[in-house]
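Asker: First the structure, which I've put down as structure tokens, then a few questions once you've had a look.
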Amino acid sequence: MIDIFARFYEVRGTMARRRSTAQPDSSSATLLQERPTTPNVPQVLTNGDCNKLFEGDRAGHDWYRFVLSYPPHLVREYLTAFGLGGRQRVLDPFCGTGTTLVECKKLGIDSVGLEANPMAHFASSVKVDWSPEPGRLVRIAERIAGEVLTLLGQEGISDDPLPLFAKNHPPDATLRSLPEAANRLLLANSISPLPLHKTLVLLERIKKTGPAECRRHYLLALAKTMVFTSSNLRFGPEVGLGKVKTDAAVVHPWLEGVRGIARDLESLRNSSTAESSVLMADSRSASSALEKESIDAVITSPPYPNEKDYTRTTRLESVILGFINDKEELRALKRNLVRSNTRGVYKGDDDDNWVSSHLEIQGIAEEIETRRLLLGKTSGFERLYGRVAKLYFGGMARHLADLRGVLRPGARLAYVVGDQASYLRVMIRTGEILGRIAQSLGYELVAIDLFRTRLATATREQLREEVVVLRWPGQPRKA
Ligand SMILES: C[S@@+](CC[C@H](N)C(=O)[O-])C[C@H]1O[C@@H](n2cnc3c(N)ncnc32)[C@H](O)[C@@H]1O
């Protein structure tokens, strides 16, 4: 195991401070944590640095990430602490854009991810596919870019948004656009008509002429370009609109993105024989997707009960790439997610049954409801606040209960979660509650480590983001 880590990192750090010793940091600038040493990754991190993707970690991770991603160094820390390596297998049941999986692959450790959002599932699947030949990936992308620039040029459209280069482009009505049902899923003005047109022309070209072994990497580069360069979106951390720009480059940044992927592939391609796979599945029924006792460790970050609609984070690229085409498909996707916001609650949801005798969670739901009545809040969403807290923890209980069957006895688990006060400022100590739920299901609670603190905008309090560390001892023997 040491050999595997020594290939990439000289491991010097220990696990972050434990709950018993770590205190929430009121200044938020001075929280220091020791980390394993990696080139271009600071050894000592301030609270503000904790969630960053450092230069030395970019390869493979940076192809596409979202605001919900956690940093590779955090994954590495727990891989080290759990002593993982060799043919052991790590699971990320909420794998998002695949940070755990990419980091495992870099370290030669087998891994598997579960993800219920098709865009995130696509992104993580591509990020662990290091098979394309880098030179060919770039050559074909250059050819596609050239063809698209010619096509756009014939329409009087330049890829350069500077006024100097912009010509009199055709009227909006003649530009390509999305079908109405798909367009309705987008935040208004997410992307302006001209960059959308360019994106759709490039997308069609990739689909028509990109060879199968390169196409998924091209599409992922396009997803990153459309969100971070061509759109009007801003993440902070909620998705909102930034400055609405009438034009933006698409083809050139896309090609740059592909070149970046190719550079990473150059260094990563032959560096790992580890197996990685990503399954499109609901982690509350992980056992229907994974073999019995096949997992040695879990490193993950599930949703938090924070009223965030996680599907909004990936909405633009999900719609343009065709992963979600209308309201029904969006609803079907949301049904497979742990309930963490009132926009994802449906008639017939019953995960709350899993925590009906959990007094602390029932108490939190009652406190939210009492405060709602006191404040005279009467909207449909506000009426659901108490219920969503129960559904959230119920969903996590269901997940942890089901997971037991796929874990090898002695498996170690790390769940990164954050305290929340999004529901009428009622404090939800997510990590502590999750730890107690896990204990009630037979897991051992090893520690609750402080990862970082965040300022709650509503209460101006520092909220803890923590890592709940568990151990699965195996099923108790029947007498
Ligand atoms: C906080 S994000 C994980 C981010 C990830 N650690 C990364 O670095 O990109 C949580 C993810 O869980 C997914 N998710 C929520 N409920 C799920 C469920 N029941 N089954 C599988 N995935 C789920 C969401 O779609 C989201 O991508």
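Labeling convention for the structure tokens: chains A, B, ... as they appear, residues from 1 per chain, ligands from 1 in order of appearance.
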Can you pull out every residue within 6 Å of Glu293 of chain A, counting only C-alpha atoms, but drop anything in the same chain fewer than 3 positions away, and send it as a ChimeraX atom specification?
Answerer: /A:406-408
Asker: Let's have the selection written as a compact mmCIF listing (two decimals), in the first residue's frame, with C-alpha atoms.
Answerer:
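Printed below is again38.txt as written:
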# COMPACT_ATOMS: atom_id res chain seq x y z
CA VAL A 406 -22.19 -4.36 0.10
CA LEU A 407 -19.54 -3.49 2.70
CA ARG A 408 -16.80 -5.91 3.71
Asker: Give me, as a Markdown table, the closest atom pair and its distance (Å, one decimal) for every residue of chain A within a cut-off of 7 Å of ligand 1, counting only C-alpha atoms and all ligand atoms, rows sorted by chain and rising number.
Answerer:
| residue | atom | partner | partner_atom_place_in_ligand_line | distance |
| --- | --- | --- | --- | --- |
| A:Arg65 | CA | ligand 1 | 9 (O) | 6.3 |
| A:Phe66 | CA | ligand 1 | 9 (O) | 6.4 |
| A:Leu68 | CA | ligand 1 | 1 (C) | 4.8 |
| A:Ser69 | CA | ligand 1 | 8 (O) | 3.2 |
| A:Tyr70 | CA | ligand 1 | 8 (O) | 4.3 |
| A:Pro71 | CA | ligand 1 | 8 (O) | 6.6 |
| A:Pro93 | CA | ligand 1 | 21 (C) | 6.0 |
| A:Phe94 | CA | ligand 1 | 12 (O) | 3.9 |
| A:Cys95 | CA | ligand 1 | 5 (C) | 4.9 |
| A:Gly96 | CA | ligand 1 | 27 (O) | 3.5 |
| A:Thr97 | CA | ligand 1 | 9 (O) | 3.7 |
| A:Gly98 | CA | ligand 1 | 9 (O) | 5.2 |
| A:Thr99 | CA | ligand 1 | 8 (O) | 4.4 |
| A:Thr100 | CA | ligand 1 | 8 (O) | 6.7 |
| A:Leu114 | CA | ligand 1 | 21 (C) | 5.4 |
| A:Glu115 | CA | ligand 1 | 22 (N) | 3.8 |
| A:Ala116 | CA | ligand 1 | 21 (C) | 4.2 |
| A:Asn117 | CA | ligand 1 | 25 (O) | 4.6 |
| A:Ala120 | CA | ligand 1 | 27 (O) | 5.8 |
| A:Ala281 | CA | ligand 1 | 21 (C) | 5.7 |
| A:Asp282 | CA | ligand 1 | 20 (N) | 3.5 |
| A:Ser283 | CA | ligand 1 | 20 (N) | 3.9 |
| A:Arg284 | CA | ligand 1 | 19 (N) | 5.4 |
| A:Thr300 | CA | ligand 1 | 6 (N) | 5.6 |
| A:Ser301 | CA | ligand 1 | 6 (N) | 4.8 |
| A:Pro302 | CA | ligand 1 | 10 (C) | 4.5 |
| A:Pro303 | CA | ligand 1 | 10 (C) | 4.7 |
| A:Tyr310 | CA | ligand 1 | 25 (O) | 6.3 |
| A:Thr311 | CA | ligand 1 | 25 (O) | 6.9 |
| A:Asn336 | CA | ligand 1 | 19 (N) | 5.2 |
| A:Leu337 | CA | ligand 1 | 16 (N) | 3.4 |
| A:Val338 | CA | ligand 1 | 16 (N) | 4.1 |
Asker: Take the residues from that selection and put them in a file with N, CA and C atoms, as an mmCIF file, in the first residue's frame.
Answerer:
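So result-v3.cif came out as:
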data_model
loop_
_atom_site.group_PDB
_atom_site.id
_atom_site.type_symbol
_atom_site.label_atom_id
_atom_site.label_comp_id
_atom_site.auth_asym_id
_atom_site.auth_seq_id
_atom_site.Cartn_x
_atom_site.Cartn_y
_atom_site.Cartn_z
ATOM 1 N N ARG A 65 -15.879 20.262 -13.367
ATOM 2 C CA ARG A 65 -16.223 20.133 -11.945
ATOM 3 C C ARG A 65 -17.431 21.004 -11.696
ATOM 4 N N PHE A 66 -18.116 20.787 -10.597
ATOM 5 C CA PHE A 66 -19.174 21.741 -10.252
ATOM 6 C C PHE A 66 -18.977 22.289 -8.854
ATOM 7 N N LEU A 68 -20.396 21.885 -6.273
ATOM 8 C CA LEU A 68 -20.607 20.959 -5.160
ATOM 9 C C LEU A 68 -19.411 20.042 -4.924
ATOM 10 N N SER A 69 -18.425 20.123 -5.805
ATOM 11 C CA SER A 69 -17.293 19.191 -5.715
ATOM 12 C C SER A 69 -16.451 19.460 -4.475
ATOM 13 N N TYR A 70 -15.915 18.394 -3.890
ATOM 14 C CA TYR A 70 -14.933 18.600 -2.827
ATOM 15 C C TYR A 70 -13.533 18.421 -3.421
ATOM 16 N N PRO A 71 -12.497 18.824 -2.657
ATOM 17 C CA PRO A 71 -11.157 18.843 -3.261
ATOM 18 C C PRO A 71 -10.467 17.477 -3.198
ATOM 19 N N PRO A 93 -20.867 6.688 -3.191
ATOM 20 C CA PRO A 93 -22.281 6.506 -3.545
ATOM 21 C C PRO A 93 -22.986 7.794 -3.992
ATOM 22 N N PHE A 94 -22.326 8.945 -3.844
ATOM 23 C CA PHE A 94 -22.881 10.229 -4.318
ATOM 24 C C PHE A 94 -21.761 10.883 -5.117
ATOM 25 N N CYS A 95 -21.388 10.274 -6.251
ATOM 26 C CA CYS A 95 -20.049 10.572 -6.774
ATOM 27 C C CYS A 95 -19.956 11.872 -7.543
ATOM 28 N N GLY A 96 -21.071 12.535 -7.855
ATOM 29 C CA GLY A 96 -20.997 13.853 -8.491
ATOM 30 C C GLY A 96 -20.092 13.821 -9.706
ATOM 31 N N THR A 97 -19.101 14.713 -9.737
ATOM 32 C CA THR A 97 -18.211 14.780 -10.898
ATOM 33 C C THR A 97 -16.963 13.914 -10.718
ATOM 34 N N GLY A 98 -17.010 13.013 -9.757
ATOM 35 C CA GLY A 98 -16.020 11.938 -9.711
ATOM 36 C C GLY A 98 -14.696 12.233 -9.025
ATOM 37 N N THR A 99 -14.670 13.190 -8.088
ATOM 38 C CA THR A 99 -13.393 13.511 -7.424
ATOM 39 C C THR A 99 -12.784 12.277 -6.746
ATOM 40 N N THR A 100 -13.608 11.530 -6.016
ATOM 41 C CA THR A 100 -13.079 10.342 -5.320
ATOM 42 C C THR A 100 -12.523 9.347 -6.327
ATOM 43 N N LEU A 114 -21.630 5.752 -7.645
ATOM 44 C CA LEU A 114 -23.063 5.755 -7.962
ATOM 45 C C LEU A 114 -23.483 7.207 -8.104
ATOM 46 N N GLU A 115 -24.302 7.490 -9.089
ATOM 47 C CA GLU A 115 -24.760 8.869 -9.282
ATOM 48 C C GLU A 115 -26.111 8.811 -9.989
ATOM 49 N N ALA A 116 -27.049 9.644 -9.518
ATOM 50 C CA ALA A 116 -28.393 9.606 -10.082
ATOM 51 C C ALA A 116 -28.677 10.752 -11.044
ATOM 52 N N ASN A 117 -27.791 11.732 -11.091
ATOM 53 C CA ASN A 117 -27.958 12.841 -12.035
ATOM 54 C C ASN A 117 -27.187 12.474 -13.310
ATOM 55 N N ALA A 120 -23.939 14.514 -14.153
ATOM 56 C CA ALA A 120 -22.811 14.231 -13.259
ATOM 57 C C ALA A 120 -22.287 12.818 -13.523
ATOM 58 N N ALA A 281 -27.296 5.139 -10.628
ATOM 59 C CA ALA A 281 -28.128 4.411 -9.653
ATOM 60 C C ALA A 281 -28.468 5.296 -8.473
ATOM 61 N N ASP A 282 -29.511 4.907 -7.772
ATOM 62 C CA ASP A 282 -29.950 5.596 -6.559
ATOM 63 C C ASP A 282 -29.234 4.946 -5.373
ATOM 64 N N SER A 283 -28.464 5.716 -4.666
ATOM 65 C CA SER A 283 -27.649 5.137 -3.590
ATOM 66 C C SER A 283 -28.488 4.668 -2.403
ATOM 67 N N ARG A 284 -29.776 4.989 -2.413
ATOM 68 C CA ARG A 284 -30.626 4.439 -1.344
ATOM 69 C C ARG A 284 -30.933 2.970 -1.614
ATOM 70 N N THR A 300 -17.169 10.013 0.466
ATOM 71 C CA THR A 300 -18.277 10.625 -0.266
ATOM 72 C C THR A 300 -18.755 11.922 0.368
ATOM 73 N N SER A 301 -19.524 12.649 -0.418
ATOM 74 C CA SER A 301 -20.194 13.839 0.108
ATOM 75 C C SER A 301 -21.637 13.838 -0.399
ATOM 76 N N PRO A 302 -22.566 13.429 0.447
ATOM 77 C CA PRO A 302 -23.974 13.413 0.010
ATOM 78 C C PRO A 302 -24.522 14.837 -0.014
ATOM 79 N N PRO A 303 -25.741 15.023 -0.531
ATOM 80 C CA PRO A 303 -26.361 16.354 -0.415
ATOM 81 C C PRO A 303 -26.516 16.720 1.065
ATOM 82 N N TYR A 310 -30.196 20.609 -6.291
ATOM 83 C CA TYR A 310 -28.915 20.202 -6.877
ATOM 84 C C TYR A 310 -28.979 20.087 -8.395
ATOM 85 N N THR A 311 -30.172 19.896 -8.949
ATOM 86 C CA THR A 311 -30.249 19.728 -10.404
ATOM 87 C C THR A 311 -30.067 21.060 -11.133
ATOM 88 N N ASN A 336 -35.042 10.244 -7.933
ATOM 89 C CA ASN A 336 -33.953 9.332 -7.549
ATOM 90 C C ASN A 336 -32.932 9.970 -6.623
ATOM 91 N N LEU A 337 -33.154 11.219 -6.239
ATOM 92 C CA LEU A 337 -32.199 11.907 -5.363
ATOM 93 C C LEU A 337 -32.668 11.871 -3.918
ATOM 94 N N VAL A 338 -31.712 11.903 -3.003
ATOM 95 C CA VAL A 338 -32.050 12.097 -1.592
ATOM 96 C C VAL A 338 -32.741 13.455 -1.488
#
Asker: Leaving out Gly257 of chain A and any residue of its chain fewer than 5 positions from it, which residues lie within 12 Å of it when counting only C-alpha atoms, given as an mmCIF file with C-alpha atoms, in the first residue's frame?
Answerer:
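File written: out.cif
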data_model
loop_
_atom_site.group_PDB
_atom_site.id
_atom_site.type_symbol
_atom_site.label_atom_id
_atom_site.label_comp_id
_atom_site.auth_asym_id
_atom_site.auth_seq_id
_atom_site.Cartn_x
_atom_site.Cartn_y
_atom_site.Cartn_z
ATOM 1 C CA GLY A 60 -7.973 14.744 -14.554
ATOM 2 C CA ASP A 62 -10.336 19.868 -13.950
ATOM 3 C CA TRP A 63 -12.019 18.502 -17.084
ATOM 4 C CA TYR A 64 -15.353 19.442 -15.579
ATOM 5 C CA LEU A 137 -7.971 13.635 -29.723
ATOM 6 C CA VAL A 138 -6.446 17.032 -30.539
ATOM 7 C CA ALA A 141 -10.825 18.400 -32.509
ATOM 8 C CA GLU A 142 -8.808 20.868 -34.594
ATOM 9 C CA HIS A 217 -14.374 13.796 -24.093
ATOM 10 C CA TYR A 218 -15.381 16.428 -26.661
ATOM 11 C CA LEU A 219 -18.852 16.656 -25.151
ATOM 12 C CA LEU A 220 -17.465 17.051 -21.641
ATOM 13 C CA ALA A 221 -15.151 19.845 -22.836
ATOM 14 C CA LEU A 222 -18.199 21.470 -24.440
ATOM 15 C CA ALA A 223 -20.175 21.180 -21.177
ATOM 16 C CA LYS A 224 -17.390 22.999 -19.347
ATOM 17 C CA THR A 225 -17.119 25.689 -22.046
ATOM 18 C CA MET A 226 -20.837 26.386 -22.223
ATOM 19 C CA PHE A 228 -17.931 28.634 -17.573
ATOM 20 C CA THR A 229 -17.167 30.663 -20.721
ATOM 21 C CA VAL A 250 -17.382 28.887 -27.913
ATOM 22 C CA VAL A 251 -15.187 27.088 -30.449
ATOM 23 C CA HIS A 252 -11.790 28.384 -29.313
ATOM 24 C CA ALA A 262 -5.079 15.718 -24.014
ATOM 25 C CA ARG A 263 -2.196 17.120 -21.946
ATOM 26 C CA ASP A 264 -3.567 15.372 -18.859
#
Asker: Residues near Arg387 of chain A, anyone? I mean within 12 Å using only C-alpha atoms, not counting same-chain ones fewer than 5 positions away, as number ranges by chain.
Answerer: A: 305, 307, 339-342, 344-347, 349-353, 355-356, 361-369, 380-382, 392-394, 423
Asker: Please run DSSP on the backbone and report, as a PyMOL selection string, all residues within segment 120-177 of chain A that come out as alpha helix (DSSP H).
Answerer: chain A and resi 120-127+134-154
Asker: Could you state the separation of atom CA of Arg216 of chain A and atom CA of Glu133 of chain A in Å, given to one decimal place?
Answerer: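 Answer for the atom CA of Arg216 of chain A to atom CA of Glu133 of chain A separation: 13.3 Å.
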Asker: Give me the residues of segment 42-160 of chain A that have any atom at most 8 Å from an atom of segment 192-203 of chain A; for each, the nearest atom pair and the distance in Å, rounded to one decimal. Use only C-alpha atoms, sort by chain and number, and format it as CSV.
Answerer:
residue,atom,partner,partner_atom,distance
A:Ile144,CA,A:Leu202,CA,7.9
A:Ala145,CA,A:Leu202,CA,7.7
A:Val148,CA,A:Leu202,CA,6.1
A:Leu152,CA,A:Lys198,CA,7.4
A:Asp159,CA,A:Lys198,CA,7.9
Asker: Can you pull out every residue within 12 Å of Arg315 of chain A, counting only C-alpha atoms, but drop anything in the same chain fewer than 6 positions away, and send it as a ChimeraX atom specification?
Answerer: /A:66,117-120,182-188,190-191,223,226-227,231,233,239-240,309,321-327,330,333
Asker: Just checking: using only C-alpha atoms, which residue out of A:Gly146, A:Arg205, A:Ile299, A:Val112 ends up closest to Glu77 of chain A?
Answerer: A:Ile299
Asker: Show which residues sit within 6 Å of segment 437-445 of chain A, as a list in words. Count only C-alpha atoms, and ignore same-chain residues fewer than 3 positions away.
Answerer: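 The filter keeps Leu434, Leu470, Arg471 and Trp472 of chain A.
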Asker: Check the smallest atom-to-atom distance from each of A:Lys390, A:Arg234, A:Arg452, A:Arg136 to Lys52 of chain A using only C-alpha atoms, then report the winner.
Answerer: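 Once distances to Lys52 of chain A are computed over only C-alpha atoms, the minimum belongs to A:Arg452.
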